[in-house]
$ cat input-v4.csv   # CSV, C-alpha atoms and all ligand atoms
chain,number,residue,atom,x,y,z
A,1,MET,CA,-2.5,13.1,-16.5
A,2,LEU,CA,-4.4,9.9,-16.4
A,3,PHE,CA,-3.8,6.5,-14.8
A,4,THR,CA,-4.7,3.9,-17.4
A,5,VAL,CA,-4.3,0.1,-17.1
A,6,ASN,CA,-0.8,0.5,-18.4
A,7,GLU,CA,0.2,2.8,-15.5
A,8,LEU,CA,-1.4,0.6,-12.9
A,9,LYS,CA,0.2,-2.5,-14.3
A,10,SER,CA,3.6,-0.7,-14.3
A,11,TRP,CA,2.9,0.3,-10.7
A,12,PHE,CA,2.4,-3.2,-9.5
A,13,ILE,CA,5.3,-4.6,-11.5
A,14,TYR,CA,7.6,-1.9,-10.0
A,15,LEU,CA,6.1,-2.4,-6.5
A,16,ASN,CA,6.8,-6.2,-6.8
A,17,GLU,CA,10.4,-5.5,-7.7
A,18,VAL,CA,10.8,-3.3,-4.7
A,19,ILE,CA,9.1,-5.8,-2.4
A,20,GLN,CA,11.3,-8.6,-3.7
A,21,SER,CA,14.4,-6.6,-3.1
A,22,LYS,CA,13.3,-5.5,0.4
A,23,LYS,CA,11.9,-8.9,1.4
A,24,SER,CA,14.6,-9.6,4.1
A,25,TYR,CA,14.4,-6.1,5.4
A,26,LEU,CA,10.6,-6.4,5.8
A,27,THR,CA,11.2,-9.7,7.5
A,28,ASP,CA,13.7,-8.2,9.9
A,29,LEU,CA,11.3,-5.4,10.8
A,30,ASP,CA,8.6,-7.9,11.5
A,31,GLN,CA,11.0,-10.2,13.5
A,32,ALA,CA,11.6,-7.3,15.9
A,33,ILE,CA,7.9,-6.7,16.8
A,34,GLY,CA,5.9,-9.5,15.1
A,35,ASP,CA,6.5,-13.0,13.8
A,36,GLY,CA,8.9,-12.3,10.9
A,37,ASP,CA,6.6,-13.2,8.0
A,38,HIS,CA,5.8,-9.8,6.5
A,39,GLY,CA,8.5,-9.9,3.8
A,40,LEU,CA,7.6,-13.4,2.8
A,41,ASN,CA,3.9,-12.7,2.8
A,42,LEU,CA,4.2,-9.7,0.5
A,43,ALA,CA,6.9,-11.2,-1.7
A,44,ARG,CA,4.6,-14.2,-2.4
A,45,GLY,CA,1.5,-12.0,-2.8
A,46,PHE,CA,2.9,-9.4,-5.2
A,47,HIS,CA,4.7,-12.0,-7.3
A,48,GLU,CA,1.3,-13.6,-7.8
A,49,VAL,CA,-0.3,-10.2,-8.5
A,50,THR,CA,2.2,-9.5,-11.3
A,51,LYS,CA,1.8,-13.0,-12.7
A,52,LYS,CA,-2.0,-12.4,-12.9
A,53,LEU,CA,-1.8,-8.9,-14.3
A,54,GLU,CA,0.7,-9.9,-17.0
A,55,SER,CA,-1.4,-12.8,-18.1
A,56,LYS,CA,-4.4,-10.7,-19.0
A,57,GLU,CA,-5.3,-7.7,-21.2
A,58,TYR,CA,-7.3,-5.1,-19.2
A,59,THR,CA,-9.3,-2.2,-20.5
A,60,ASP,CA,-10.9,-1.4,-17.2
A,61,VAL,CA,-8.8,-0.1,-14.3
A,62,GLY,CA,-11.4,-1.3,-11.8
A,63,ALA,CA,-11.1,-4.9,-13.1
A,64,LEU,CA,-7.3,-4.7,-12.7
A,65,LEU,CA,-7.6,-3.5,-9.1
A,66,LYS,CA,-10.2,-6.2,-8.4
A,67,ASP,CA,-7.8,-9.0,-9.6
A,68,THR,CA,-5.1,-7.4,-7.5
A,69,GLY,CA,-7.2,-7.5,-4.4
A,70,MET,CA,-8.5,-11.0,-5.1
A,71,VAL,CA,-4.9,-12.4,-5.5
A,72,LEU,CA,-3.7,-10.7,-2.3
A,73,LEU,CA,-6.7,-12.0,-0.4
A,74,SER,CA,-6.2,-15.5,-1.5
A,75,LYS,CA,-2.4,-15.7,-1.5
A,76,VAL,CA,-1.2,-13.7,1.4
A,77,GLY,CA,-1.5,-14.9,4.9
A,78,GLY,CA,-1.2,-12.9,8.1
A,79,ALA,CA,-3.0,-9.6,8.8
A,80,SER,CA,-1.6,-7.7,5.9
A,81,GLY,CA,-3.0,-9.9,3.1
A,82,PRO,CA,-6.6,-9.5,4.0
A,83,LEU,CA,-6.0,-5.8,4.8
A,84,TYR,CA,-4.3,-4.9,1.5
A,85,GLY,CA,-6.6,-7.3,-0.4
A,86,SER,CA,-9.8,-5.7,0.9
A,87,ALA,CA,-8.3,-2.2,0.3
A,88,PHE,CA,-7.8,-3.0,-3.5
A,89,LEU,CA,-11.1,-4.8,-3.8
A,90,LYS,CA,-12.9,-1.7,-2.3
A,91,ALA,CA,-10.9,0.7,-4.5
A,92,ALA,CA,-11.9,-1.4,-7.5
A,93,THR,CA,-15.6,-0.8,-6.9
A,94,VAL,CA,-15.0,3.0,-7.2
A,95,LEU,CA,-13.2,2.6,-10.6
A,96,GLN,CA,-15.4,-0.2,-12.0
A,97,GLY,CA,-15.9,0.1,-15.8
A,98,LYS,CA,-13.5,3.0,-16.2
A,99,GLU,CA,-10.7,3.0,-18.8
A,100,SER,CA,-8.6,5.4,-16.8
A,101,ALA,CA,-8.6,7.5,-13.6
A,102,THR,CA,-7.6,11.0,-12.9
A,103,PRO,CA,-5.5,11.6,-9.8
A,104,THR,CA,-8.6,12.7,-8.0
A,105,GLU,CA,-10.5,9.6,-9.0
A,106,LEU,CA,-7.6,7.3,-8.0
A,107,THR,CA,-7.5,9.2,-4.7
A,108,SER,CA,-11.2,8.5,-4.1
A,109,ALA,CA,-10.6,4.9,-4.9
A,110,LEU,CA,-7.7,4.6,-2.5
A,111,GLU,CA,-9.7,6.4,0.2
A,112,ALA,CA,-12.4,3.8,-0.1
A,113,GLY,CA,-9.5,1.3,0.3
A,114,LEU,CA,-8.4,3.0,3.5
A,115,ASP,CA,-12.0,2.8,4.8
A,116,ALA,CA,-11.9,-1.0,4.1
A,117,ILE,CA,-8.6,-1.3,6.0
A,118,LYS,CA,-10.1,0.5,9.0
A,119,ALA,CA,-13.4,-1.4,8.8
A,120,ARG,CA,-11.6,-4.8,8.8
A,121,GLY,CA,-8.7,-4.1,11.2
A,122,LYS,CA,-10.4,-1.6,13.5
A,123,ALA,CA,-7.2,0.4,13.9
A,124,ASN,CA,-6.8,4.2,13.9
A,125,LEU,CA,-4.1,6.7,13.3
A,126,THR,CA,-1.2,6.4,15.8
A,127,ASP,CA,-1.9,2.7,16.5
A,128,LYS,CA,1.5,1.9,14.7
A,129,THR,CA,0.1,0.2,11.6
A,130,MET,CA,0.0,0.8,7.9
A,131,ILE,CA,-2.8,3.4,8.5
A,132,ASP,CA,-0.2,5.8,9.9
A,133,VAL,CA,1.1,6.0,6.3
A,134,TRP,CA,-2.2,5.6,4.4
A,135,GLU,CA,-4.2,8.3,6.2
A,136,PRO,CA,-1.8,11.3,6.0
A,137,VAL,CA,-0.9,10.4,2.4
A,138,LEU,CA,-4.5,10.3,1.3
A,139,GLU,CA,-5.2,13.5,3.2
A,140,PHE,CA,-2.3,15.1,1.1
A,141,LEU,CA,-3.6,13.6,-2.1
A,142,LYS,CA,-7.1,14.9,-1.4
A,143,GLU,CA,-5.8,18.4,-0.8
A,144,SER,CA,-3.8,18.2,-4.0
A,145,GLY,CA,-6.6,17.3,-6.3
A,146,ASP,CA,-5.3,16.7,-9.8
A,147,GLU,CA,-2.2,18.8,-9.2
A,148,VAL,CA,-0.1,16.5,-7.1
A,149,ASN,CA,3.6,17.1,-6.2
A,150,TRP,CA,4.5,13.4,-6.3
A,151,ASP,CA,8.0,14.0,-4.7
A,152,GLU,CA,6.3,15.7,-1.8
A,153,GLY,CA,3.9,12.7,-1.5
A,154,SER,CA,6.8,10.3,-1.4
A,155,ARG,CA,8.7,12.4,1.2
A,156,LEU,CA,5.5,12.5,3.4
A,157,ALA,CA,5.0,8.7,3.1
A,158,GLU,CA,8.6,8.2,4.2
A,159,GLU,CA,8.4,10.6,7.1
A,160,LYS,CA,5.2,9.0,8.3
A,161,MET,CA,6.7,5.5,8.0
A,162,ASN,CA,9.7,6.6,10.1
A,163,ALA,CA,7.4,8.3,12.7
A,164,THR,CA,5.9,4.8,13.5
A,165,LYS,CA,9.3,4.1,15.3
A,166,ASP,CA,8.3,6.3,18.3
A,167,LEU,CA,4.7,4.9,18.6
A,168,GLU,CA,3.5,2.1,20.8
A,169,ALA,CA,1.6,-0.6,18.9
A,170,ARG,CA,-2.1,-0.9,19.8
A,171,LYS,CA,-3.2,-3.2,17.0
A,172,GLY,CA,-1.9,-6.4,15.4
A,173,ARG,CA,0.8,-8.8,16.8
A,174,ALA,CA,3.1,-5.9,17.8
A,175,ALA,CA,0.5,-4.8,20.3
A,176,TYR,CA,1.4,-7.8,22.5
A,177,LEU,CA,4.8,-6.1,23.1
A,178,GLY,CA,3.2,-3.0,24.5
A,179,LYS,CA,5.9,-0.4,25.2
A,180,ARG,CA,8.6,-2.7,23.9
A,181,SER,CA,7.3,-2.1,20.4
A,182,ILE,CA,8.6,1.5,20.7
A,183,GLY,CA,11.9,2.0,18.9
A,184,HIS,CA,11.0,-0.1,15.9
A,185,ILE,CA,9.6,1.0,12.5
A,186,ASP,CA,6.3,-0.8,11.7
A,187,PRO,CA,6.7,-3.4,8.9
A,188,GLY,CA,3.2,-2.6,7.4
A,189,ALA,CA,3.9,1.1,7.4
A,190,THR,CA,7.1,0.3,5.5
A,191,SER,CA,5.4,-1.8,2.8
A,192,SER,CA,2.8,1.0,2.5
A,193,TYR,CA,5.6,3.5,2.0
A,194,TYR,CA,6.8,1.3,-0.9
A,195,LEU,CA,3.2,1.1,-2.2
A,196,PHE,CA,2.8,4.8,-2.4
A,197,SER,CA,6.3,5.8,-3.5
A,198,THR,CA,6.2,3.4,-6.4
A,199,LEU,CA,2.8,4.7,-7.5
A,200,PHE,CA,4.2,8.3,-7.3
A,201,ASP,CA,7.3,7.3,-9.3
A,202,VAL,CA,5.1,5.9,-12.0
A,203,ALA,CA,2.9,9.0,-11.9
A,204,LYS,CA,6.0,11.2,-12.4
A,205,GLY,CA,7.0,9.2,-15.4
A,206,VAL,CA,3.6,9.7,-16.9
A,207,ASN,CA,3.8,13.4,-16.3
A,208,LYS,CA,6.9,13.8,-18.5
B,301,LIG,P1,0.8,-10.7,10.8
B,301,LIG,O1,0.9,-9.6,11.8
B,301,LIG,O2,-0.5,-11.5,10.9
B,301,LIG,O3,2.0,-11.6,10.9
B,301,LIG,P2,2.0,-9.3,8.6
B,301,LIG,O4,3.3,-9.6,9.3
B,301,LIG,O5,2.0,-9.7,7.2
B,301,LIG,O6,0.8,-10.1,9.3
B,301,LIG,O7,1.6,-7.8,8.7
B,301,LIG,C1,1.9,-7.0,9.8
B,301,LIG,C2,1.5,-5.6,9.6
B,301,LIG,O8,0.1,-5.5,9.4
B,301,LIG,C3,1.8,-4.7,10.7
B,301,LIG,O9,3.1,-4.1,10.6
B,301,LIG,C4,0.7,-3.6,10.6
B,301,LIG,O10,1.2,-2.5,9.8
B,301,LIG,C5,-0.4,-4.3,9.8
B,301,LIG,N1,-1.5,-4.5,10.7
B,301,LIG,C6,-1.7,-5.5,11.6
B,301,LIG,N2,-2.9,-5.4,12.2
B,301,LIG,C7,-3.5,-4.3,11.7
B,301,LIG,C8,-4.8,-3.7,11.9
B,301,LIG,N3,-5.7,-4.2,12.7
B,301,LIG,N4,-5.1,-2.6,11.1
B,301,LIG,C9,-4.2,-2.1,10.2
B,301,LIG,N5,-3.0,-2.7,10.0
B,301,LIG,C10,-2.7,-3.7,10.7
B,302,MG,MG,3.9,-10.9,10.6
$ encode --input "input-v4.csv" --output "structure tokens" --more "lines below"
Ligand code: ADP
Ligand code: MG
Amino acid sequence: MLFTVNELKSWFIYLNEVIQSKKSYLTDLDQAIGDGDHGLNLARGFHEVTKKLESKEYTDVGALLKDTGMVLLSKVGGASGPLYGSAFLKAATVLQGKESATPTELTSALEAGLDAIKARGKANLTDKTMIDVWEPVLEFLKESGDEVNWDEGSRLAEEKMNATKDLEARKGRAAYLGKRSIGHIDPGATSSYYLFSTLFDVAKGVNK
């Protein structure tokens, strides 16, 4: 299977729908251990992303991801905008000039995205951030190569999102709460679960 611009467009349109429907849930999660803007930040950002992507014809998956990253960087405040924005900008450089990407190629691009998140935010695994979803999911994708069990990937992302509940935040606003951050699921890990599960749903459709 291949990810063409159509699949990537469908991904972001679907992700936007999920983010819009989970806007207040993401806000509630961020109210518990942050400042309560995560739902709003992402709802605004991904609305703008879909507007941009729907206004243009792409033949290059790298160019599509570059626009996505640029919009997120310029429209989304907080920590998550620059982090997601730089992830997609970096991923775009890996797929620059390509009409489509194999699962392996998309994994390489998203891995470069994870590197950008880490370079920018200086967080690591178990710091109770989006990385706690990105890193294990990319590990799984890397091991899978071009033969990905997409349902397994979604289950893994969900499990890792839920596992942030027991962690103490060491990065971002939630870190100010120290041990009081324990017992709450991380908002960015949750939006990252949506990001991967929507991608995997789109991939499953493509497989049929
Ligand atoms: P802000 O914290 O500035 O209000 P958001 O509420 O939009 O921004 O995003 C918060 C989420 O961003 C957190 O739940 C966490 O997953 C993620 N995050 C915060 N800081 C970092 C970091 N340094 N590295 C990776 N992810 C981070
Ligand atoms: Mg916030």
$ residues_around --input "input-v4.csv" --residues "segment 153-169 of chain A" --least-positions-apart "6" --cutoff "8 Å" --atoms "all atoms listed in the file" --output "compact mmCIF listing (two decimals) with C-alpha atoms, in the frame of the given file"
# COMPACT_ATOMS: atom_id res chain seq x y z
CA THR A 126 -1.20 6.40 15.80
CA ASP A 127 -1.90 2.70 16.50
CA LYS A 128 1.50 1.90 14.70
CA THR A 129 0.10 0.20 11.60
CA ASP A 132 -0.20 5.80 9.90
CA VAL A 133 1.10 6.00 6.30
CA TRP A 134 -2.20 5.60 4.40
CA PRO A 136 -1.80 11.30 6.00
CA VAL A 137 -0.90 10.40 2.40
CA PHE A 140 -2.30 15.10 1.10
CA LEU A 141 -3.60 13.60 -2.10
CA ALA A 175 0.50 -4.80 20.30
CA LEU A 177 4.80 -6.10 23.10
CA GLY A 178 3.20 -3.00 24.50
CA LYS A 179 5.90 -0.40 25.20
CA ARG A 180 8.60 -2.70 23.90
CA SER A 181 7.30 -2.10 20.40
CA ILE A 182 8.60 1.50 20.70
CA GLY A 183 11.90 2.00 18.90
CA HIS A 184 11.00 -0.10 15.90
CA ILE A 185 9.60 1.00 12.50
CA ASP A 186 6.30 -0.80 11.70
CA ALA A 189 3.90 1.10 7.40
CA THR A 190 7.10 0.30 5.50
CA TYR A 193 5.60 3.50 2.00
CA PHE A 196 2.80 4.80 -2.40
CA SER A 197 6.30 5.80 -3.50
CA PHE A 200 4.20 8.30 -7.30
$ atom_distance --input "input-v4.csv" --atom1 "atom C1 of ligand LIG 301 (chain B)" --atom2 "atom CA of Pro187 of chain A"
6.1 Å
$ closest_atom_pairs --input "input-v4.csv" --of "chain A" --to "ligand LIG 301 (chain B)" --cutoff "7 Å" --atoms "all atoms listed in the file" --output "tab-separated table"
residue	atom	partner	partner_atom	distance
A:Asp30	CA	B:LIG301	O4	6.0
A:Gly34	CA	B:LIG301	O1	6.0
A:Asp35	CA	B:LIG301	O3	5.5
A:Gly36	CA	B:LIG301	O4	6.4
A:Asp37	CA	B:LIG301	O4	5.1
A:His38	CA	B:LIG301	O4	3.8
A:Asn41	CA	B:LIG301	O5	5.7
A:Gly77	CA	B:LIG301	O5	6.7
A:Gly78	CA	B:LIG301	O2	3.2
A:Ala79	CA	B:LIG301	O2	3.8
A:Ser80	CA	B:LIG301	O7	4.3
A:Gly81	CA	B:LIG301	O5	6.5
A:Leu83	CA	B:LIG301	N5	6.8
A:Ile117	CA	B:LIG301	C9	6.1
A:Lys118	CA	B:LIG301	N4	6.2
A:Gly121	CA	B:LIG301	N3	3.4
A:Lys122	CA	B:LIG301	N3	5.4
A:Ala123	CA	B:LIG301	N4	4.6
A:Lys128	CA	B:LIG301	O10	6.6
A:Thr129	CA	B:LIG301	O10	3.4
A:Met130	CA	B:LIG301	O10	4.0
A:Ile131	CA	B:LIG301	C9	5.9
A:Lys171	CA	B:LIG301	N3	5.1
A:Gly172	CA	B:LIG301	N2	3.5
A:Arg173	CA	B:LIG301	O1	5.1
A:Asp186	CA	B:LIG301	O9	4.7
A:Pro187	CA	B:LIG301	O9	4.0
A:Gly188	CA	B:LIG301	O10	3.1
A:Ala189	CA	B:LIG301	O10	5.1
$ atom_distance --input "input-v4.csv" --atom1 "atom CA of Asp28 of chain A" --atom2 "atom CA of Val49 of chain A"
23.2 Å
$ closest_residue --input "input-v4.csv" --among "A:Ala32, A:Thr50, A:Leu2, A:Pro82" --to "Thr68 of chain A" --atoms "all atoms listed in the file"
A:Thr50
$ atom_distance --input "input-v4.csv" --atom1 "atom CA of Lys23 of chain A" --atom2 "atom CA of Arg44 of chain A"
9.8 Å
$ residues_around --input "input-v4.csv" --residues "Pro103 of chain A" --least-positions-apart "3" --cutoff "10 Å" --atoms "all atoms listed in the file" --output "PyMOL selection string"
chain A and resi 1-3+100+106-109+141-142+144-148+203
$ closest_residue --input "input-v4.csv" --among "A:Thr59, A:Gln31, A:Gln20, A:Thr4" --to "ligand MG 302 (chain B)" --atoms "only C-alpha atoms and all ligand atoms"
A:Gln31
$ closest_residue --input "input-v4.csv" --among "A:Ser74, A:Ser86, A:Ser55, A:Gln96" --to "Lys9 of chain A" --atoms "only C-alpha atoms"
A:Ser55
$ closest_residue --input "input-v4.csv" --among "A:His47, A:Ser191, A:Asn6, A:Ala174" --to "ligand MG 302 (chain B)" --atoms "only C-alpha atoms and all ligand atoms"
A:Ala174
$ decode --input "input-v4.csv" --residues "segment 93-120 of chain A" --atoms "N, CA and C atoms" --output "PDB file, in the first residue's frame"
ATOM      1  N   THR A  93      10.572  17.135   5.146  1.00  0.00           N
ATOM      2  CA  THR A  93      11.875  17.147   4.472  1.00  0.00           C
ATOM      3  C   THR A  93      12.250  15.736   4.009  1.00  0.00           C
ATOM      4  N   VAL A  94      11.806  14.713   4.753  1.00  0.00           N
ATOM      5  CA  VAL A  94      12.122  13.331   4.393  1.00  0.00           C
ATOM      6  C   VAL A  94      11.353  12.903   3.133  1.00  0.00           C
ATOM      7  N   LEU A  95      10.158  13.460   2.948  1.00  0.00           N
ATOM      8  CA  LEU A  95       9.310  13.036   1.819  1.00  0.00           C
ATOM      9  C   LEU A  95       9.241  14.073   0.706  1.00  0.00           C
ATOM     10  N   GLN A  96      10.124  15.055   0.779  1.00  0.00           N
ATOM     11  CA  GLN A  96      10.151  16.133  -0.214  1.00  0.00           C
ATOM     12  C   GLN A  96      10.243  15.583  -1.642  1.00  0.00           C
ATOM     13  N   GLY A  97       9.366  16.066  -2.532  1.00  0.00           N
ATOM     14  CA  GLY A  97       9.421  15.679  -3.940  1.00  0.00           C
ATOM     15  C   GLY A  97       8.833  14.316  -4.255  1.00  0.00           C
ATOM     16  N   LYS A  98       8.266  13.658  -3.247  1.00  0.00           N
ATOM     17  CA  LYS A  98       7.713  12.309  -3.481  1.00  0.00           C
ATOM     18  C   LYS A  98       6.206  12.364  -3.709  1.00  0.00           C
ATOM     19  N   GLU A  99       5.763  11.579  -4.686  1.00  0.00           N
ATOM     20  CA  GLU A  99       4.334  11.511  -4.986  1.00  0.00           C
ATOM     21  C   GLU A  99       3.576  10.662  -3.978  1.00  0.00           C
ATOM     22  N   SER A 100       4.289   9.720  -3.384  1.00  0.00           N
ATOM     23  CA  SER A 100       3.656   8.836  -2.402  1.00  0.00           C
ATOM     24  C   SER A 100       4.728   8.290  -1.474  1.00  0.00           C
ATOM     25  N   ALA A 101       4.262   7.666  -0.384  1.00  0.00           N
ATOM     26  CA  ALA A 101       5.194   7.072   0.568  1.00  0.00           C
ATOM     27  C   ALA A 101       4.722   5.674   0.938  1.00  0.00           C
ATOM     28  N   THR A 102       5.655   4.739   1.025  1.00  0.00           N
ATOM     29  CA  THR A 102       5.332   3.414   1.559  1.00  0.00           C
ATOM     30  C   THR A 102       5.197   3.565   3.079  1.00  0.00           C
ATOM     31  N   PRO A 103       4.612   2.573   3.763  1.00  0.00           N
ATOM     32  CA  PRO A 103       4.578   2.651   5.220  1.00  0.00           C
ATOM     33  C   PRO A 103       5.975   2.887   5.808  1.00  0.00           C
ATOM     34  N   THR A 104       6.968   2.188   5.289  1.00  0.00           N
ATOM     35  CA  THR A 104       8.337   2.351   5.800  1.00  0.00           C
ATOM     36  C   THR A 104       8.826   3.789   5.628  1.00  0.00           C
ATOM     37  N   GLU A 105       8.523   4.366   4.460  1.00  0.00           N
ATOM     38  CA  GLU A 105       8.957   5.761   4.220  1.00  0.00           C
ATOM     39  C   GLU A 105       8.212   6.739   5.128  1.00  0.00           C
ATOM     40  N   LEU A 106       6.919   6.506   5.317  1.00  0.00           N
ATOM     41  CA  LEU A 106       6.168   7.400   6.208  1.00  0.00           C
ATOM     42  C   LEU A 106       6.689   7.261   7.645  1.00  0.00           C
ATOM     43  N   THR A 107       7.026   6.034   8.039  1.00  0.00           N
ATOM     44  CA  THR A 107       7.597   5.820   9.368  1.00  0.00           C
ATOM     45  C   THR A 107       8.903   6.608   9.527  1.00  0.00           C
ATOM     46  N   SER A 108       9.761   6.564   8.511  1.00  0.00           N
ATOM     47  CA  SER A 108      11.021   7.325   8.589  1.00  0.00           C
ATOM     48  C   SER A 108      10.746   8.808   8.746  1.00  0.00           C
ATOM     49  N   ALA A 109       9.743   9.289   8.017  1.00  0.00           N
ATOM     50  CA  ALA A 109       9.408  10.715   8.100  1.00  0.00           C
ATOM     51  C   ALA A 109       8.908  11.067   9.501  1.00  0.00           C
ATOM     52  N   LEU A 110       8.040  10.216  10.044  1.00  0.00           N
ATOM     53  CA  LEU A 110       7.491  10.501  11.374  1.00  0.00           C
ATOM     54  C   LEU A 110       8.558  10.351  12.462  1.00  0.00           C
ATOM     55  N   GLU A 111       9.521   9.468  12.205  1.00  0.00           N
ATOM     56  CA  GLU A 111      10.647   9.346  13.149  1.00  0.00           C
ATOM     57  C   GLU A 111      11.453  10.639  13.189  1.00  0.00           C
ATOM     58  N   ALA A 112      11.661  11.214  12.005  1.00  0.00           N
ATOM     59  CA  ALA A 112      12.357  12.505  11.958  1.00  0.00           C
ATOM     60  C   ALA A 112      11.517  13.542  12.708  1.00  0.00           C
ATOM     61  N   GLY A 113      10.193  13.406  12.600  1.00  0.00           N
ATOM     62  CA  GLY A 113       9.288  14.293  13.338  1.00  0.00           C
ATOM     63  C   GLY A 113       9.470  14.146  14.844  1.00  0.00           C
ATOM     64  N   LEU A 114       9.573  12.912  15.297  1.00  0.00           N
ATOM     65  CA  LEU A 114       9.792  12.674  16.735  1.00  0.00           C
ATOM     66  C   LEU A 114      11.126  13.288  17.173  1.00  0.00           C
ATOM     67  N   ASP A 115      12.139  13.142  16.345  1.00  0.00           N
ATOM     68  CA  ASP A 115      13.440  13.756  16.674  1.00  0.00           C
ATOM     69  C   ASP A 115      13.284  15.266  16.848  1.00  0.00           C
ATOM     70  N   ALA A 116      12.463  15.879  15.987  1.00  0.00           N
ATOM     71  CA  ALA A 116      12.252  17.325  16.075  1.00  0.00           C
ATOM     72  C   ALA A 116      11.528  17.684  17.378  1.00  0.00           C
ATOM     73  N   ILE A 117      10.555  16.870  17.763  1.00  0.00           N
ATOM     74  CA  ILE A 117       9.824  17.121  19.026  1.00  0.00           C
ATOM     75  C   ILE A 117      10.800  17.059  20.202  1.00  0.00           C
ATOM     76  N   LYS A 118      11.683  16.069  20.150  1.00  0.00           N
ATOM     77  CA  LYS A 118      12.645  15.903  21.249  1.00  0.00           C
ATOM     78  C   LYS A 118      13.683  17.017  21.269  1.00  0.00           C
ATOM     79  N   ALA A 119      14.117  17.415  20.061  1.00  0.00           N
ATOM     80  CA  ALA A 119      15.126  18.482  19.985  1.00  0.00           C
ATOM     81  C   ALA A 119      14.538  19.782  20.522  1.00  0.00           C
ATOM     82  N   ARG A 120      13.288  20.026  20.201  1.00  0.00           N
ATOM     83  CA  ARG A 120      12.663  21.289  20.587  1.00  0.00           C
ATOM     84  C   ARG A 120      12.244  21.300  22.056  1.00  0.00           C
TER      85      ARG A 120
END
